[in-house]
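Dropping structure30.csv in here (CSV, C-alpha atoms):
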```csv
chain,number,residue,atom,x,y,z
Z,1,MET,CA,0.0,0.0,0.0
Z,2,ASN,CA,1.4,3.4,-0.9
Z,3,VAL,CA,1.4,6.0,1.9
Z,4,PRO,CA,1.8,9.7,1.1
Z,5,SER,CA,5.0,11.2,2.5
Z,6,SER,CA,3.1,13.9,4.5
Z,7,ARG,CA,0.8,11.3,6.1
Z,8,PHE,CA,3.8,9.0,6.8
Z,9,ALA,CA,5.5,11.9,8.6
Z,10,LYS,CA,2.4,12.5,10.7
Z,11,ILE,CA,2.2,8.8,11.7
Z,12,LEU,CA,5.9,8.7,12.5
Z,13,LEU,CA,5.6,11.7,14.8
Z,14,CYS,CA,2.6,10.3,16.6
Z,15,VAL,CA,4.4,7.0,17.2
Z,16,LEU,CA,7.5,8.8,18.5
Z,17,CYS,CA,5.3,10.9,20.9
Z,18,MET,CA,3.5,7.8,22.2
Z,19,ALA,CA,6.8,5.9,22.6
Z,20,PHE,CA,8.2,8.8,24.7
Z,21,PHE,CA,5.2,8.8,27.1
Z,22,THR,CA,5.2,5.0,27.3
Z,23,ARG,CA,8.9,5.0,28.3
Z,24,GLU,CA,9.3,8.0,30.5
Z,25,THR,CA,5.9,8.8,32.0
Z,26,PRO,CA,5.0,7.1,35.3
Z,27,ALA,CA,2.0,4.7,35.5
Z,28,GLN,CA,-1.4,6.4,35.5
Z,29,ALA,CA,0.1,9.8,34.4
Z,30,ILE,CA,-1.9,9.7,31.1
Z,31,PRO,CA,-5.6,8.9,31.4
Z,32,TYR,CA,-7.5,6.6,29.1
Z,33,ALA,CA,-9.2,8.6,26.4
Z,34,ARG,CA,-11.8,8.1,23.6
Z,35,ASN,CA,-13.3,10.4,21.0
Z,36,PHE,CA,-17.1,10.4,20.6
Z,37,ALA,CA,-18.8,12.0,17.6
Z,38,VAL,CA,-21.5,13.8,19.7
Z,39,PRO,CA,-21.6,17.3,21.3
Z,40,ARG,CA,-20.2,17.9,24.8
Z,41,ALA,CA,-23.6,18.5,26.4
Z,42,GLN,CA,-24.8,15.1,25.3
Z,43,VAL,CA,-21.7,13.4,26.6
Z,44,ASP,CA,-22.0,15.2,29.9
Z,45,GLN,CA,-25.6,14.1,30.3
Z,46,ALA,CA,-24.6,10.5,29.5
Z,47,LEU,CA,-21.9,10.7,32.2
Z,48,LYS,CA,-24.4,11.9,34.7
Z,49,ASP,CA,-26.8,9.2,33.8
Z,50,LEU,CA,-24.1,6.6,34.3
Z,51,GLN,CA,-23.2,8.2,37.7
Z,52,ALA,CA,-19.6,8.7,36.6
Z,53,TYR,CA,-19.0,11.7,38.8
Z,54,SER,CA,-19.9,9.9,42.0
Z,55,GLY,CA,-17.6,7.4,43.7
Z,56,GLN,CA,-18.6,3.7,44.0
Z,57,LYS,CA,-17.7,0.8,46.3
Z,58,LEU,CA,-15.4,-1.9,44.8
Z,59,PRO,CA,-16.6,-5.3,46.0
Z,60,LEU,CA,-13.1,-6.8,45.4
Z,61,LEU,CA,-9.7,-5.5,44.4
Z,62,ASP,CA,-8.4,-8.5,42.6
Z,63,GLY,CA,-8.6,-7.9,38.8
Z,64,PHE,CA,-8.8,-4.1,39.1
Z,65,VAL,CA,-5.6,-3.2,40.8
Z,66,ALA,CA,-2.1,-3.4,39.3
Z,67,ALA,CA,0.8,-5.0,41.2
Z,68,ALA,CA,0.7,-3.8,44.8
Z,69,ASP,CA,3.5,-3.8,47.3
Z,70,LYS,CA,1.3,-5.5,49.9
Z,71,PRO,CA,-1.1,-8.6,49.7
Z,72,LEU,CA,-4.5,-7.6,48.4
Z,73,ASP,CA,-6.3,-9.8,50.9
Z,74,ARG,CA,-5.1,-7.4,53.6
Z,75,TYR,CA,-7.1,-4.6,52.0
Z,76,GLU,CA,-10.8,-4.0,52.7
Z,77,ARG,CA,-13.6,-1.4,52.0
Z,78,GLY,CA,-12.4,-0.8,48.4
Z,79,PHE,CA,-13.6,2.4,46.7
Z,80,TYR,CA,-13.0,4.1,43.4
Z,81,GLN,CA,-13.8,7.4,41.7
Z,82,PHE,CA,-13.2,8.7,38.2
Z,83,SER,CA,-11.3,11.9,37.4
Z,84,ILE,CA,-13.0,13.0,34.2
Z,85,GLU,CA,-12.0,15.7,31.6
Z,86,LEU,CA,-13.9,16.6,28.5
Z,87,LEU,CA,-12.0,18.1,25.5
Z,88,PRO,CA,-13.0,19.3,22.0
Z,89,GLY,CA,-12.8,16.6,19.4
Z,90,ASP,CA,-13.0,16.5,15.6
Z,91,SER,CA,-16.1,17.8,13.7
Z,92,GLY,CA,-17.8,19.0,16.9
Z,93,GLY,CA,-17.2,15.8,18.8
Z,94,THR,CA,-16.0,15.3,22.3
Z,95,ILE,CA,-13.0,13.6,23.8
Z,96,VAL,CA,-13.5,11.9,27.2
Z,97,ARG,CA,-10.3,11.4,29.3
Z,98,LEU,CA,-10.6,9.7,32.6
Z,99,SER,CA,-8.6,7.8,35.2
Z,100,ALA,CA,-9.7,5.8,38.2
Z,101,LYS,CA,-8.5,6.5,41.7
Z,102,ILE,CA,-8.7,3.4,43.9
Z,103,THR,CA,-8.5,3.6,47.7
Z,104,ALA,CA,-8.8,0.9,50.3
Z,105,TRP,CA,-8.2,0.4,54.0
Z,106,TYR,CA,-5.0,-1.6,54.7
Z,107,ALA,CA,-5.4,-3.7,57.9
Z,108,ASP,CA,-1.8,-4.2,59.1
Z,109,ARG,CA,-1.0,-6.6,62.0
Z,110,ASP,CA,0.6,-3.5,63.5
Z,111,VAL,CA,-2.4,-1.2,64.1
Z,112,SER,CA,-0.2,1.9,63.9
Z,113,LYS,CA,0.7,1.0,60.3
Z,114,SER,CA,-2.9,0.5,59.2
Z,115,GLY,CA,-4.6,3.2,57.1
Z,116,TYR,CA,-6.2,4.1,53.8
Z,117,GLN,CA,-4.0,3.8,50.8
Z,118,VAL,CA,-4.2,4.6,47.1
Z,119,LEU,CA,-3.8,1.6,44.8
Z,120,PRO,CA,-2.8,1.7,41.1
Z,121,SER,CA,-5.6,0.8,38.6
Z,122,ASN,CA,-4.8,-1.7,35.9
Z,123,GLY,CA,-7.1,0.0,33.5
Z,124,ARG,CA,-10.1,-2.3,33.7
Z,125,LEU,CA,-12.3,0.2,35.4
Z,126,GLU,CA,-11.5,2.9,32.8
Z,127,LEU,CA,-11.9,0.8,29.7
Z,128,ASP,CA,-15.1,-0.9,31.0
Z,129,PHE,CA,-16.6,2.5,31.6
Z,130,LEU,CA,-15.6,3.9,28.2
Z,131,ASP,CA,-17.3,0.9,26.6
Z,132,ARG,CA,-20.5,1.5,28.7
Z,133,LEU,CA,-20.4,5.2,27.7
Z,134,GLU,CA,-20.1,4.3,24.0
Z,135,GLU,CA,-22.9,1.8,24.2
Z,136,LYS,CA,-25.1,4.5,25.8
Z,137,LEU,CA,-24.3,7.1,23.2
Z,138,THR,CA,-24.5,4.9,20.2
Z,139,GLY,CA,-27.0,2.3,21.4
Z,140,LYS,CA,-24.8,-0.5,20.0
Z,141,PRO,CA,-22.9,-3.1,22.0
Z,142,VAL,CA,-19.1,-2.7,22.1
Z,143,ALA,CA,-16.6,-5.5,22.3
Z,144,SER,CA,-14.8,-5.2,25.7
Z,145,THR,CA,-11.3,-3.8,25.6
Z,146,SER,CA,-10.6,-4.4,29.3
Z,147,PRO,CA,-7.5,-6.3,30.5
Z,148,THR,CA,-8.2,-9.8,31.7
Z,149,VAL,CA,-8.9,-10.4,35.4
Z,150,ASN,CA,-5.8,-12.5,35.9
Z,151,SER,CA,-3.4,-9.9,34.6
Z,152,PRO,CA,-2.7,-7.3,37.3
Z,153,GLN,CA,0.3,-5.9,35.6
Z,154,VAL,CA,1.6,-2.4,36.1
Z,155,PRO,CA,-0.6,0.0,34.2
Z,156,GLN,CA,0.6,1.0,30.7
Z,157,PRO,CA,0.2,4.6,29.6
Z,158,LYS,CA,-3.5,5.3,29.4
Z,159,LEU,CA,-4.1,5.8,25.7
Z,160,ASP,CA,-7.0,3.8,24.4
Z,161,LEU,CA,-5.9,2.5,21.0
Z,162,SER,CA,-8.8,0.1,20.7
Z,163,SER,CA,-10.3,1.8,17.6
Z,164,ALA,CA,-9.4,4.2,14.8
Z,165,ARG,CA,-11.2,7.0,16.7
Z,166,THR,CA,-8.2,7.6,18.9
Z,167,ALA,CA,-6.4,9.1,15.9
Z,168,ALA,CA,-8.4,12.2,16.8
Z,169,MET,CA,-6.4,12.5,20.1
Z,170,ALA,CA,-3.5,14.0,18.2
Z,171,ALA,CA,-3.8,17.5,16.9
Z,172,PRO,CA,-3.6,17.9,13.1
Z,173,LEU,CA,0.0,18.1,12.1
Z,174,PRO,CA,1.5,20.6,9.5
Z,175,GLN,CA,2.9,19.5,6.2
Z,176,ALA,CA,6.3,17.7,6.1
Z,177,ALA,CA,8.1,20.9,5.1
Z,178,GLN,CA,7.2,22.4,8.6
Z,179,GLN,CA,8.5,19.4,10.6
Z,180,PRO,CA,11.3,21.3,12.3
Z,181,ASP,CA,8.7,23.5,14.0
Z,182,GLU,CA,6.8,20.4,15.0
Z,183,VAL,CA,9.8,18.9,16.6
Z,184,ALA,CA,10.5,22.1,18.6
Z,185,LEU,CA,6.8,22.1,19.7
Z,186,LEU,CA,7.1,18.5,20.8
Z,187,ARG,CA,10.3,19.3,22.7
Z,188,ASN,CA,8.6,22.1,24.6
Z,189,GLN,CA,5.6,19.9,25.3
Z,190,ARG,CA,8.0,17.3,26.6
Z,191,VAL,CA,9.8,19.7,29.0
Z,192,ALA,CA,6.4,20.9,30.3
Z,193,GLY,CA,5.2,17.3,30.7
Z,194,GLU,CA,8.4,16.4,32.7
Z,195,LYS,CA,7.9,19.3,35.0
Z,196,ARG,CA,4.2,18.3,35.5
Z,197,VAL,CA,5.2,14.7,36.2
Z,198,GLN,CA,7.8,15.8,38.8
Z,199,GLN,CA,5.2,18.0,40.5
Z,200,LEU,CA,2.6,15.2,40.6
Z,201,THR,CA,5.2,12.7,41.9
Z,202,VAL,CA,6.0,15.0,44.8
Z,203,GLU,CA,2.3,15.4,45.6
Z,204,LEU,CA,1.8,11.7,45.4
Z,205,GLN,CA,4.7,11.0,47.8
Z,206,ASN,CA,3.3,13.6,50.3
Z,207,LEU,CA,-0.1,12.0,50.1
Z,208,GLN,CA,1.3,8.5,50.6
Z,209,GLU,CA,3.3,9.7,53.6
Z,210,LEU,CA,0.2,11.2,55.1
Z,211,GLN,CA,-1.8,8.1,54.5
Z,212,HIS,CA,0.9,5.9,56.1
Z,213,THR,CA,1.2,8.1,59.2
Z,214,GLN,CA,-2.5,8.6,59.8
Z,215,ALA,CA,-4.4,6.4,62.2
Z,216,HIS,CA,-7.9,5.1,61.4
Z,217,PRO,CA,-10.5,7.3,63.2
Z,218,ARG,CA,-11.5,5.6,66.5
Z,219,ASN,CA,-14.8,7.3,66.8
Z,220,LEU,CA,-16.6,5.7,63.8
Z,221,ILE,CA,-19.8,3.7,64.3
Z,222,VAL,CA,-20.6,0.9,61.8
Z,223,VAL,CA,-24.1,0.2,60.5
Z,224,LYS,CA,-25.1,-3.5,60.9
Z,225,LYS,CA,-27.7,-4.0,58.3
Z,226,SER,CA,-28.8,-2.4,55.0
Z,227,ARG,CA,-31.8,0.0,54.9
Z,228,THR,CA,-31.1,1.2,58.4
Z,229,PRO,CA,-33.0,4.5,58.8
Z,230,ILE,CA,-31.1,7.6,59.8
Z,231,TYR,CA,-33.5,10.0,61.5
Z,232,ALA,CA,-33.5,13.8,61.8
Z,233,LYS,CA,-34.3,13.7,65.5
Z,234,ASN,CA,-34.0,11.1,68.3
Z,235,ALA,CA,-37.7,10.0,68.0
Z,236,GLU,CA,-39.3,7.0,66.3
Z,237,GLY,CA,-41.7,9.2,64.4
Z,238,ALA,CA,-39.1,11.7,63.2
Z,239,HIS,CA,-38.4,12.4,59.6
Z,240,VAL,CA,-36.1,9.7,58.0
Z,241,LEU,CA,-33.2,11.5,56.2
Z,242,PHE,CA,-32.1,8.4,54.3
Z,243,GLU,CA,-31.4,4.6,54.7
Z,244,ALA,CA,-27.9,3.6,55.3
Z,245,ALA,CA,-26.2,0.5,53.8
Z,246,ALA,CA,-24.5,-2.2,55.8
Z,247,ASN,CA,-21.0,-1.4,56.9
Z,248,ASP,CA,-21.5,2.4,56.3
Z,249,GLU,CA,-19.5,4.4,58.8
Z,250,PHE,CA,-20.4,7.6,60.6
Z,251,GLU,CA,-18.7,9.8,63.2
Z,252,PHE,CA,-20.0,9.3,66.8
Z,253,LEU,CA,-21.0,12.5,68.5
Z,254,ASP,CA,-23.0,11.5,71.6
Z,255,GLU,CA,-25.3,8.9,73.2
Z,256,GLU,CA,-28.9,10.0,74.0
Z,257,GLY,CA,-30.7,7.2,75.6
Z,258,GLU,CA,-31.4,4.5,73.0
Z,259,TRP,CA,-30.1,6.8,70.2
Z,260,ILE,CA,-26.7,7.6,68.8
Z,261,HIS,CA,-26.1,11.2,67.6
Z,262,ILE,CA,-23.9,11.0,64.4
Z,263,THR,CA,-22.2,13.2,61.9
Z,264,ILE,CA,-23.5,12.5,58.3
Z,265,SER,CA,-21.4,14.9,56.2
Z,266,GLY,CA,-20.0,18.4,57.0
Z,267,ASP,CA,-22.5,20.1,59.3
Z,268,SER,CA,-25.2,17.6,58.7
Z,269,ARG,CA,-26.3,15.6,61.8
Z,270,GLY,CA,-28.6,12.7,62.4
Z,271,PHE,CA,-29.7,9.9,64.8
Z,272,VAL,CA,-29.7,6.1,64.6
Z,273,HIS,CA,-30.9,3.4,67.0
Z,274,LYS,CA,-28.1,2.2,69.2
Z,275,ASN,CA,-29.0,-1.4,68.6
Z,276,ALA,CA,-28.6,-0.9,64.8
Z,277,VAL,CA,-24.9,0.0,64.9
Z,278,GLU,CA,-21.6,-1.4,66.2
Z,279,LEU,CA,-19.8,1.0,68.5
Z,280,PRO,CA,-16.0,1.3,68.5
Z,281,GLU,CA,-14.4,-0.6,71.4
Z,282,GLY,CA,-13.2,2.5,73.2
Z,283,ILE,CA,-16.6,4.3,73.0
Z,284,ALA,CA,-18.5,1.2,73.9
Z,285,ASP,CA,-16.4,0.7,77.0
Z,286,LYS,CA,-16.8,4.4,77.9
Z,287,LEU,CA,-20.6,4.3,77.5
Z,288,HIS,CA,-20.9,1.1,79.5
Z,289,SER,CA,-18.8,2.5,82.3
Z,290,ALA,CA,-20.9,5.7,82.3
Z,291,ALA,CA,-24.1,3.7,82.5
Z,292,ALA,CA,-22.9,1.4,85.2
Z,293,ALA,CA,-21.3,4.1,87.4
Z,294,PRO,CA,-23.5,6.0,90.0
Z,295,ASP,CA,-24.1,9.7,89.3
Z,296,GLU,CA,-21.5,11.8,91.1
Z,297,LYS,CA,-24.2,13.9,92.9
Z,298,PHE,CA,-26.4,10.9,93.7
Z,299,PRO,CA,-24.2,8.0,94.4
Z,300,GLY,CA,-27.1,5.8,95.7
Z,301,PHE,CA,-28.8,5.5,92.3
Z,302,ARG,CA,-28.1,4.4,88.8
Z,303,ILE,CA,-30.2,4.8,85.6
Z,304,GLU,CA,-30.9,1.3,84.3
Z,305,ARG,CA,-33.0,2.2,81.2
Z,306,GLU,CA,-34.4,5.3,79.5
Z,307,GLU,CA,-37.3,5.1,77.0
Z,308,THR,CA,-40.4,6.9,75.7
Z,309,GLY,CA,-43.8,5.2,76.2
Z,310,ASP,CA,-47.3,5.5,77.6
Z,311,PHE,CA,-47.7,6.5,81.2
Z,312,PRO,CA,-47.9,3.3,83.3
Z,313,GLY,CA,-50.8,4.3,85.6
Z,314,ASP,CA,-54.2,6.0,86.0
Z,315,TRP,CA,-53.1,9.4,87.1
Z,316,ALA,CA,-55.4,11.7,85.2
Z,317,PRO,CA,-52.9,14.4,84.1
Z,318,LEU,CA,-50.8,11.8,82.2
Z,319,LYS,CA,-53.1,8.9,81.7
Z,320,GLY,CA,-52.7,7.5,78.2
Z,321,LYS,CA,-50.1,10.1,77.2
Z,322,LYS,CA,-46.5,9.7,76.0
Z,323,VAL,CA,-43.9,10.3,78.7
Z,324,GLU,CA,-40.1,10.0,79.2
Z,325,ILE,CA,-39.5,7.0,81.5
Z,326,PHE,CA,-36.4,6.5,83.7
Z,327,THR,CA,-36.0,3.1,85.3
Z,328,VAL,CA,-33.6,3.4,88.3
Z,329,GLN,CA,-31.8,0.9,90.5
Z,330,LEU,CA,-30.5,1.4,94.0
Z,331,VAL,CA,-26.8,0.8,94.3
Z,332,SER,CA,-26.4,1.7,98.0
Z,333,GLN,CA,-27.9,0.6,101.3
Z,334,ASN,CA,-27.1,3.9,103.0
Z,335,PRO,CA,-30.4,5.6,103.9
Z,336,LYS,CA,-28.8,9.0,103.5
Z,337,GLU,CA,-28.1,8.1,99.8
Z,338,THR,CA,-31.4,6.3,99.0
Z,339,GLY,CA,-33.9,7.6,101.5
Z,340,PRO,CA,-37.0,9.7,100.8
Z,341,ALA,CA,-35.1,13.0,100.6
Z,342,ALA,CA,-32.5,11.6,98.3
Z,343,ARG,CA,-35.2,10.1,96.1
Z,344,LEU,CA,-37.0,13.5,95.7
Z,345,ASN,CA,-33.8,15.3,94.8
Z,346,TYR,CA,-32.8,12.6,92.4
Z,347,CYS,CA,-36.3,12.8,90.8
Z,348,LEU,CA,-35.9,16.5,90.4
Z,349,ALA,CA,-32.7,16.0,88.5
Z,350,LEU,CA,-34.2,13.3,86.2
Z,351,PHE,CA,-37.3,15.5,85.6
Z,352,GLU,CA,-35.1,18.3,84.3
Z,353,LYS,CA,-33.0,15.8,82.3
Z,354,GLY,CA,-36.1,14.2,80.7
Z,355,LEU,CA,-37.6,17.6,79.9
Z,356,ARG,CA,-34.3,18.8,78.2
Z,357,GLU,CA,-33.9,15.6,76.2
Z,358,GLY,CA,-37.5,15.4,75.2
Z,359,SER,CA,-37.6,18.9,73.8
Z,360,THR,CA,-35.9,17.7,70.6
Z,361,ALA,CA,-38.5,14.9,70.0
Z,362,ASN,CA,-41.6,15.4,67.8
Z,363,PRO,CA,-44.0,15.3,69.5
Z,364,ALA,CA,-42.3,16.1,72.8
Z,365,PRO,CA,-43.2,13.9,75.8
Z,366,GLU,CA,-46.0,15.4,78.0
Z,367,GLY,CA,-44.3,14.3,81.3
Z,368,VAL,CA,-41.5,12.5,83.0
Z,369,VAL,CA,-41.7,9.3,85.1
Z,370,VAL,CA,-39.1,7.9,87.4
Z,371,ILE,CA,-39.5,4.2,88.4
Z,372,PHE,CA,-37.4,2.9,91.3
Z,373,ASP,CA,-36.8,-0.8,90.6
Z,374,SER,CA,-36.4,-2.1,94.1
Z,375,ALA,CA,-38.3,-4.0,96.8
Z,376,ASP,CA,-39.4,-0.8,98.4
Z,377,GLY,CA,-39.5,1.2,95.2
Z,378,GLY,CA,-41.9,3.7,94.0
Z,379,ILE,CA,-43.0,5.8,91.1
Z,380,ALA,CA,-42.7,9.6,90.8
Z,381,ALA,CA,-44.2,11.6,87.8
Z,382,ALA,CA,-44.7,15.2,86.8
Z,383,THR,CA,-46.1,17.0,83.8
Z,384,SER,CA,-43.8,18.8,81.4
Z,385,PRO,CA,-45.5,22.2,82.1
Z,386,ASN,CA,-45.0,21.9,85.8
Z,387,ILE,CA,-41.4,20.8,85.4
Z,388,GLN,CA,-40.9,23.9,83.2
Z,389,LYS,CA,-42.4,26.1,85.9
Z,390,LEU,CA,-40.2,24.6,88.5
Z,391,THR,CA,-37.0,25.2,86.6
Z,392,SER,CA,-38.1,28.8,85.8
Z,393,GLY,CA,-38.9,29.4,89.4
Z,394,SER,CA,-42.6,30.2,88.9
Z,395,LEU,CA,-43.6,27.1,90.9
Z,396,LYS,CA,-42.1,26.3,94.3
Z,397,GLY,CA,-40.9,22.9,95.5
Z,398,GLU,CA,-43.7,22.2,97.9
Z,399,ALA,CA,-46.5,23.2,95.5
Z,400,PHE,CA,-44.7,21.3,92.7
Z,401,TRP,CA,-44.8,18.0,94.7
Z,402,GLN,CA,-48.4,18.6,95.6
Z,403,GLN,CA,-49.2,18.7,91.9
Z,404,SER,CA,-47.0,15.6,91.1
Z,405,TYR,CA,-47.6,11.9,91.3
Z,406,LEU,CA,-45.9,9.9,94.1
Z,407,ASP,CA,-46.8,6.3,94.6
Z,408,PRO,CA,-46.6,5.1,97.3
Z,409,PRO,CA,-46.3,8.4,99.2
Z,410,ASP,CA,-44.4,6.7,102.0
Z,411,ALA,CA,-41.5,5.9,99.6
Z,412,PHE,CA,-40.9,9.7,99.3
Z,413,ALA,CA,-41.8,10.9,102.8
Z,414,PRO,CA,-39.6,10.6,105.9
Z,415,ALA,CA,-40.9,8.1,108.4
Z,416,PRO,CA,-42.4,9.7,111.6
Z,417,LYS,CA,-40.0,9.9,114.5
```
Just dump the structure as structure tokens.
Amino acid sequence: MNVPSSRFAKILLCVLCMAFFTRETPAQAIPYARNFAVPRAQVDQALKDLQAYSGQKLPLLDGFVAAADKPLDRYERGFYQFSIELLPGDSGGTIVRLSAKITAWYADRDVSKSGYQVLPSNGRLELDFLDRLEEKLTGKPVASTSPTVNSPQVPQPKLDLSSARTAAMAAPLPQAAQQPDEVALLRNQRVAGEKRVQQLTVELQNLQELQHTQAHPRNLIVVKKSRTPIYAKNAEGAHVLFEAAANDEFEFLDEEGEWIHITISGDSRGFVHKNAVELPEGIADKLHSAAAAPDEKFPGFRIEREETGDFPGDWAPLKGKKVEIFTVQLVSQNPKETGPAARLNYCLALFEKGLREGSTANPAPEGVVVIFDSADGGIAAATSPNIQKLTSGSLKGEAFWQQSYLDPPDAFAPAPK
């Protein structure tokens, strides 16, 4: 076949340019690219439909990662995200260049060496996605150009030469008579490319050092099951923000009864049932110790359980209404610490606590109940308006107790001398 000299010169320069990048550019420095004969807006919409701009979980790393310096079975929670660039193509078309960034948690036997790491892609994610994008834009199936699953070799320079369309990746070259200018231009591009590669290499080294030195956050709770609701408030009837997937992680903020207050993203907050998540070992121990230890001001008592439910009695002001219920155990036999006076003072503290915590619920509880779980126990209750008046000072203590529920009264009144 006869090839015109000008065309031969163009092909030769393209081959030399590709050979330079193949030999001297580090892996993953050049993204995979493909030219599509459609406008940029149509390509951008197709990328959005395929969720190309959002990261995705990677169920396994084997077959997607090039040679790594550590065993792949020590990595978990794989995740990848595309870096995408749209460039003008021939005849109003669009060139899509993309590269996949793969990250995973490396679980080292030495906990201090564990941390998230960036792993090199072997190109399968990029080429698979370009095939899917082409199928969506053309409506025709495309033969896969992905590397085989069992070939995790070091990535080659990311120029997709799977079809003749990649010829559009190179800018139109002048005639052969102008080749000295072309060589000078390529030389300048080479120098600029080397500087950029050096800059990216330094940034990558800094990132790797940061990842190796960082410790895995110790305040992350893990969701046990898929479709776990995340609520806007710590109440069963509150608005559901979204449903979390199994193994999703959120930052722990605080424990509020049977609820865990979490950070969702940025300034966004939410609540999840305590029994729906796994707590980090340190936080679980801390909460267990806090629940088991007596209150510093009231060493004779301990809160065993806190819940919202119907009032457990026939007292008219709260009969059939939702209330905040504290179940309390006695942890001391000292009458000074568990006698009637101590019980009344402890009930006042729990009334204020229940009113404060219930203010974020929708609807808010209409009262607070304290149940003493003991042989000589009793029940104390008060309505939320009366507790509010007591805390503001508009209702005095004696009048407050006269308007409250105490059963039996003897459990809260000193025995006659």
For stretch 326-367 of chain Z versus stretch 398-404 of chain Z, which residues have an atom no more than 12 Å away, and what is each residue's nearest atom pair and distance in Å rounded to one decimal, using all atoms listed in the file, chain-then-number order, as a tab-separated table?
```
residue	atom	partner	partner_atom	distance
Z:Leu344	CA	Z:Trp401	CA	9.1
Z:Asn345	CA	Z:Trp401	CA	11.3
Z:Cys347	CA	Z:Trp401	CA	10.7
Z:Leu348	CA	Z:Trp401	CA	10.0
Z:Phe351	CA	Z:Ser404	CA	11.2
Z:Gly367	CA	Z:Ser404	CA	10.2
```
Output file for the residues above (C-alpha atoms, as a short mmCIF file (atom, residue, chain, number, x, y, z; two decimals), in the frame of the given file):
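The file below, out.cif, is the result:
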```cif
data_model
loop_
_atom_site.label_atom_id
_atom_site.label_comp_id
_atom_site.auth_asym_id
_atom_site.auth_seq_id
_atom_site.Cartn_x
_atom_site.Cartn_y
_atom_site.Cartn_z
CA LEU Z 344 -37.00 13.50 95.70
CA ASN Z 345 -33.80 15.30 94.80
CA CYS Z 347 -36.30 12.80 90.80
CA LEU Z 348 -35.90 16.50 90.40
CA PHE Z 351 -37.30 15.50 85.60
CA GLY Z 367 -44.30 14.30 81.30
#
```
Which of these, Z:Ala33, Z:Ile95, Z:Ile325, Z:Leu125, has the shortest distance to Z:Asp62 once you count only C-alpha atoms? Z:Leu125
Find the residue from Z:Asn219, Z:Lys336, Z:Asp376, Z:Leu127 that sits nearest to Z:Lys286; use all atoms listed in the file when measuring.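 Ranked by minimum distance to Z:Lys286, first place goes to Z:Asn219.
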Quick one: residues within 8 Å of Z:Lys225, all atoms listed in the file counted, chain neighbours fewer than 5 positions away excluded, as a list in words? Ala245, Ala246, Asn247 and Ala276 of chain Z
Determine, counting only C-alpha atoms, which protein, DNA and RNA residues have an atom within 10 Å of an atom of Z:Ile283; residues of the same chain fewer than 2 positions away are not included. Present the result as an mmCIF file with C-alpha atoms, in the frame of the given file.
```
data_model
loop_
_atom_site.group_PDB
_atom_site.id
_atom_site.type_symbol
_atom_site.label_atom_id
_atom_site.label_comp_id
_atom_site.auth_asym_id
_atom_site.auth_seq_id
_atom_site.Cartn_x
_atom_site.Cartn_y
_atom_site.Cartn_z
ATOM 1 C CA ARG Z 218 -11.500 5.600 66.500
ATOM 2 C CA ASN Z 219 -14.800 7.300 66.800
ATOM 3 C CA LEU Z 220 -16.600 5.700 63.800
ATOM 4 C CA ILE Z 221 -19.800 3.700 64.300
ATOM 5 C CA PHE Z 252 -20.000 9.300 66.800
ATOM 6 C CA ASP Z 254 -23.000 11.500 71.600
ATOM 7 C CA GLU Z 255 -25.300 8.900 73.200
ATOM 8 C CA LEU Z 279 -19.800 1.000 68.500
ATOM 9 C CA PRO Z 280 -16.000 1.300 68.500
ATOM 10 C CA GLU Z 281 -14.400 -0.600 71.400
ATOM 11 C CA ASP Z 285 -16.400 0.700 77.000
ATOM 12 C CA LYS Z 286 -16.800 4.400 77.900
ATOM 13 C CA LEU Z 287 -20.600 4.300 77.500
ATOM 14 C CA HIS Z 288 -20.900 1.100 79.500
ATOM 15 C CA SER Z 289 -18.800 2.500 82.300
#
```
What is the atom CA of Z:Val328-atom CA of Z:Trp259 distance in Å, reported with one decimal?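 Computed distance, atom CA of Z:Val328 to atom CA of Z:Trp259, equals 18.7 Å.
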Using atom CA of Z:Ile262 and atom CA of Z:Glu249 as the two end points, give the distance in Å to one decimal.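 Taking atom CA of Z:Ile262 and atom CA of Z:Glu249, their separation equals 9.7 Å.
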Of the listed residues Z:Ala184, Z:Ala107, Z:Leu119, Z:Leu390, that which approaches Z:Gln208 most closely, counting all atoms listed in the file: Z:Leu119
Have a look at Z:Asp267, Z:Pro409, Z:Gln42, Z:Gln56 and name the one nearest to Z:Gly92; count all atoms listed in the file. Z:Gln42
Quote the spacing between atom CA of Z:Ser268 and atom CA of Z:Phe79 in Å to one decimal place.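 Those two atoms sit 22.6 Å apart.
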Taking all atoms listed in the file into account, name the residue in Z:Val43, Z:Ala381, Z:Val197, Z:Ala375 that is nearest to Z:Glu85. Z:Val43
